[in-house]
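Scroll down for the structure; my scribbles are underneath it.
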Amino acid sequence: MSQKTSSIDWADLLKRQEAAFAAAQAPSRDPERERALLEERARLLSRKPGGKPGSAGIDCLEFLLSGERYAIELSYIAATLPLTDFTPLFCAPPFVLGITNLRGRIISIVDLRRFFELPALGLADLNRVIVVGDEGMEFGVLADRVVGTMSLTADELLPIPDTFTGPREEFVAGVTAERMALLDMGRILADPRMVVHEEVG
Amino acid sequence: MLSTMKIRYRLAAGFSVLVLFLILTGGLSLKNIAAEGDLLNEFYEHPFTVTNAIHQVDSNIVRMHRDMKDVVLYANDPSDLENSLTDISNCEQIVYQQLAVAREKFLGDKAKIDQIKQSMEQWKEVRSRTISLVRQGKIKEAVAFHKTYARRTVANIEAQVNEVLKFSFAKAESFAQESRRNQRSTFAITAVLVALAGILAALIAFAITASITRPLTDAVQAAERLAQGDVSVEIGSDSPDELGQLLRSMGKVVHSMRRLGETANRIAQGDLDVEVTPLSERDVFGSAMRNMVASLNSLADNADRIASGDLTIEVLPASPKDRLGNSFRTMTSNVRELTVEIAEVVNILAGSAAEIMTTVSELASSSAQTATSISETNATVQEIRQTTDLTSQKSRQVYEGAHRSAQIARTGRESVNSAIGGMQGIDERMGFIAERIVNLSEQSQAIGEIIATVADLAEQSNLLAVNAAIEAAKAGEHGKGFAVVAQEVKNLATQSKQATSQVRNIIGQIQKATTAAVLATEQGSKAVEAGVKQSSEAGESIRQLAASIEESSNATLQIVTSTQEQAIGMDQIAIAIQSINQASDQNVEGSRQIEAAARNLYELNQKLQQLVSGYKVA
């Protein structure tokens, strides 16, 4: 029993441990790779945005709703914010989720899925509100996720396919080849259904 | 004088004297009461009656006088006049009647009553004159006449009447005083007589009682002493009465009892020659004493015969309760039986003595055999002793070997104990390692929480970047540069998010590794536990081995001790056999002495047989 030594190589283990500690405390893991990354990023940024010159681009914000991609023109958008707190409204149409407080202003939140009669995925923590508005109207549009801003040219927009039916067809300005629907926000804002006028006896 | 009379005469004389006194006292009292009654009667007859009559006379005169006034005053009415005149004549009648009564009973000068009568006659004349004047209508004259004469006459009469009354009151007073005197003297005489009678009665009672009780007390004292058995008391009396006779009879009883006592005393001292003569046929004591002397004499004769060796007599008890006779008969028969039994025993003794002599000769020969056996036993004992020494040596060697084995076992147990201690140390370290690993796991959990916060920040940065891009687009051409910065911020947020997901993966791997490490340490701990258990078992086996070696060591020690004791015992046996040898020699000598003693016994028996044959039994 006393002749048989332990099978653990303690010296090797200790060496690995020291190496790990040293790596954790080092100021930079790989300075050359870091610099290369930064240069690549600078190069990309220095590129001319917009792609093809000549055609007027439409700046819009892309977002996801029920797994489908939608976009809204930036000119209609006031801000995006996380949906933290809201107050449900009774006697309102089903597409009005409730009201929330945006820096002292009370705005209503509209669920476009219900407005378009799409299947609802429920409320996740990632849900966002995109505040849209023009001179007459302002409300928040519920989004599953905000992807980011992008610029579209008019020829990128294709005619609306036949699969777009129901109320949705009315409010879509066009669809890109990547199946992203650009919403016609001016029409939505001007739609009389958005104005809720109901009296409860 | 009293003591010479019989008791009944004494009592009669005493009572007669008392009765005489009683009659005397009673007669005197009665006489006085009669005298008092006479006095009272006289008092009623004379002064009381006279006073009564005179009072009536007085009141009627007053009434008449008043009526006369009416006549004078109310002369106009003829009917009133007539009424008054009738009343006056009635009253006058009563006055004369009462005056007659007073005259009869008056004790004083009766001429005074006659004077009153004369005055009354004068007043009548005055009245008739007045009335005639009234009837003639000469009222004024009538009034004047009445005032002058009638008033004087009436006053005269009143004075006479008062004189008579005064005399009567004086007479009554004298009667009352006489009565009081009489009563006082009667009371005194009666009291003296009663006192004298009391004293006399007491004296007589004392004298009679004393004459009876004195001799009676003497008799009671004598009877008390007699009841206690004291016959030395002397009782006698020369009094002729009943008590004297009683005391003289008691004296005779005492005398005869004293004589009986003297006789009984002589019998008690063993003198049976006394002559007892009963006083009469009915003298129970005397005849009983005579019978007692006779039966004692016959018992003494029987005792004399037994003393001379004649045991054939039969004693007849006087009655079933005759204790002395019964005891004597039992004693005689017992002595007879005893003598017969002694004779038989003497015969048996003769046979036994012969047997003893035979046995003693046999004893001598067996003693010689015993001596031979004893010398053989001695040789055997010597052989056993040598064997015992050999056994003792061998067992000592075995004991030393066992002692060494026990020491080795003790060393082995100590080694096992230290091995168990080492294993327990390892177990503790394993526990320490496991605890540290768990601590690491908890810290990586904290890192995970921090990473979640970082991810949240990245998300918010992303949103902020979008908002910045929107603002930049609104600014149009001026916002282009800002749009680039917003895009860059957005990229950074995306990268941060990716980094956090990588960190989360690494933390997951660390947690898996720590779980595996904890499991491994747990297995190590279990292995150590098993090792401890096995070592304990080995230790227990070594301990049991040591215990059994200890036991066999103790057993060999006992064997050593007992073989030594055996050797000592063998020596003692040898000594004992030597003693037995000496004792058997002494036995031979003793049997010779017993033989001589048996011969003496035989001779003694012969003498006893001669003695017993001297008693006549049947």
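Simple scheme: letters A, B, ... for chains in structure tokens order, numbers from 1 for residues in each chain, numbers from 1 for ligands in the order shown.
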
Kindly provide the residues of chain A that approach chain B to within 6 Å, each paired with its closest atom pair and their distance in Å to one decimal, based on only C-alpha atoms, listed by chain and increasing number, as a Markdown table.
```
| residue | atom | partner | partner_atom | distance |
| --- | --- | --- | --- | --- |
| A:Ala79 | CA | B:Asn467 | CA | 5.7 |
| A:Thr80 | CA | B:Asn467 | CA | 5.9 |
| A:Gly148 | CA | B:Val466 | CA | 5.9 |
```

Neighbouring residues of stretch 84-86 of chain B were defined as those with any atom within 9 Å, considering only C-alpha atoms; residues of the same chain fewer than 6 positions away were excluded. Please report them as a PDB file with C-alpha atoms, in the first residue's frame.
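Result file part-v8.pdb:
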```
ATOM      1  CA  MET B  64    -134.733  65.447 111.318  1.00  0.00           C
ATOM      2  CA  ASP B  67    -136.525  68.423 107.666  1.00  0.00           C
ATOM      3  CA  MET B  68    -137.577  70.854 110.347  1.00  0.00           C
ATOM      4  CA  ASP B  70    -137.713  72.616 105.346  1.00  0.00           C
ATOM      5  CA  VAL B  71    -140.968  72.773 107.344  1.00  0.00           C
ATOM      6  CA  ILE B 131    -145.388  72.871 113.595  1.00  0.00           C
TER       7      ILE B 131
END
```

Within 12 Å of A:Glu135 using only C-alpha atoms, minus same-chain residues under 5 positions, as a ChimeraX atom specification: /A:75-76,78,186,189-190

How would the residues just chosen look if you wrote them out with N, CA and C atoms as an mmCIF file, in the first residue's frame?
```cif
data_model
loop_
_atom_site.group_PDB
_atom_site.id
_atom_site.type_symbol
_atom_site.label_atom_id
_atom_site.label_comp_id
_atom_site.auth_asym_id
_atom_site.auth_seq_id
_atom_site.Cartn_x
_atom_site.Cartn_y
_atom_site.Cartn_z
ATOM 1 N N SER A 75 -39.936 58.838 -40.546
ATOM 2 C CA SER A 75 -40.540 60.169 -40.389
ATOM 3 C C SER A 75 -41.750 60.128 -39.474
ATOM 4 N N TYR A 76 -42.384 58.972 -39.384
ATOM 5 C CA TYR A 76 -43.552 58.858 -38.503
ATOM 6 C C TYR A 76 -43.156 58.523 -37.071
ATOM 7 N N ALA A 78 -41.512 58.624 -33.399
ATOM 8 C CA ALA A 78 -41.031 59.573 -32.375
ATOM 9 C C ALA A 78 -39.931 58.937 -31.534
ATOM 10 N N GLY A 186 -49.190 56.498 -42.821
ATOM 11 C CA GLY A 186 -50.081 57.631 -42.985
ATOM 12 C C GLY A 186 -51.534 57.169 -43.009
ATOM 13 N N LEU A 189 -52.624 56.014 -39.490
ATOM 14 C CA LEU A 189 -52.883 57.134 -38.583
ATOM 15 C C LEU A 189 -54.195 57.826 -38.931
ATOM 16 N N ALA A 190 -54.531 57.820 -40.198
ATOM 17 C CA ALA A 190 -55.725 58.523 -40.616
ATOM 18 C C ALA A 190 -56.973 57.651 -40.537
#
```

Residue list (helix (DSSP H, G or I), DSSP) for stretch 97-187 of chain A, as a list in words: Leu112, Arg113, Arg114, Phe115, Ala154, Asp155, Glu156, Pro167, Arg168, Glu169, Glu170, Phe171, Met185, Gly186 and Arg187 of chain A

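Minimum atom-to-atom distance to B:Ser392, evaluated using only C-alpha atoms, belongs to B:Ser562 out of B:Ser562, B:Gln136, B:Asn505, B:Gln93.
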
Among the residues B:Leu28, B:Ala150, B:Leu338, B:Ala202, the one that comes closest to B:Ala188 [using only C-alpha atoms]: B:Leu28

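Every protein, DNA or RNA residue with an atom at most 10 Å from A:Pro161, where only C-alpha atoms count and chain neighbours fewer than 3 positions away do not, is listed here: Leu158, Phe164, Thr165, Glu169, Gly174, Val175 and Arg179 of chain A.
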
Just to be explicit: take each residue in the selection above, keep N, CA and C atoms, and write the result as a PDB file, in the first residue's frame.
```pdb
ATOM      1  N   LEU A 158     -41.744  45.566 -53.921  1.00  0.00           N
ATOM      2  CA  LEU A 158     -42.464  44.755 -54.870  1.00  0.00           C
ATOM      3  C   LEU A 158     -43.962  44.937 -54.620  1.00  0.00           C
ATOM      4  N   PHE A 164     -51.430  38.383 -48.824  1.00  0.00           N
ATOM      5  CA  PHE A 164     -51.795  39.435 -47.888  1.00  0.00           C
ATOM      6  C   PHE A 164     -53.267  39.750 -48.031  1.00  0.00           C
ATOM      7  N   THR A 165     -54.072  39.271 -47.087  1.00  0.00           N
ATOM      8  CA  THR A 165     -55.511  39.487 -47.167  1.00  0.00           C
ATOM      9  C   THR A 165     -55.979  40.173 -45.897  1.00  0.00           C
ATOM     10  N   GLU A 169     -53.943  44.088 -45.937  1.00  0.00           N
ATOM     11  CA  GLU A 169     -53.693  44.425 -47.342  1.00  0.00           C
ATOM     12  C   GLU A 169     -53.815  45.934 -47.560  1.00  0.00           C
ATOM     13  N   GLY A 174     -45.800  48.203 -49.387  1.00  0.00           N
ATOM     14  CA  GLY A 174     -45.092  47.336 -50.297  1.00  0.00           C
ATOM     15  C   GLY A 174     -44.315  46.286 -49.543  1.00  0.00           C
ATOM     16  N   VAL A 175     -43.835  45.294 -50.278  1.00  0.00           N
ATOM     17  CA  VAL A 175     -43.078  44.190 -49.658  1.00  0.00           C
ATOM     18  C   VAL A 175     -41.758  44.068 -50.381  1.00  0.00           C
ATOM     19  N   ARG A 179     -39.192  39.610 -47.854  1.00  0.00           N
ATOM     20  CA  ARG A 179     -40.486  39.429 -47.207  1.00  0.00           C
ATOM     21  C   ARG A 179     -40.653  40.383 -46.007  1.00  0.00           C
TER      22      ARG A 179
END
```

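One distance worth recording is that between atom CA of B:Gln586 and atom CA of B:Thr359, which is 17.1 Å.
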
Near-B:Arg181 list (12 Å; only C-alpha atoms; drop same-chain fewer than 6 positions) as a PyMOL selection string: chain B and resi 32+35-36+39+174-175+187-188
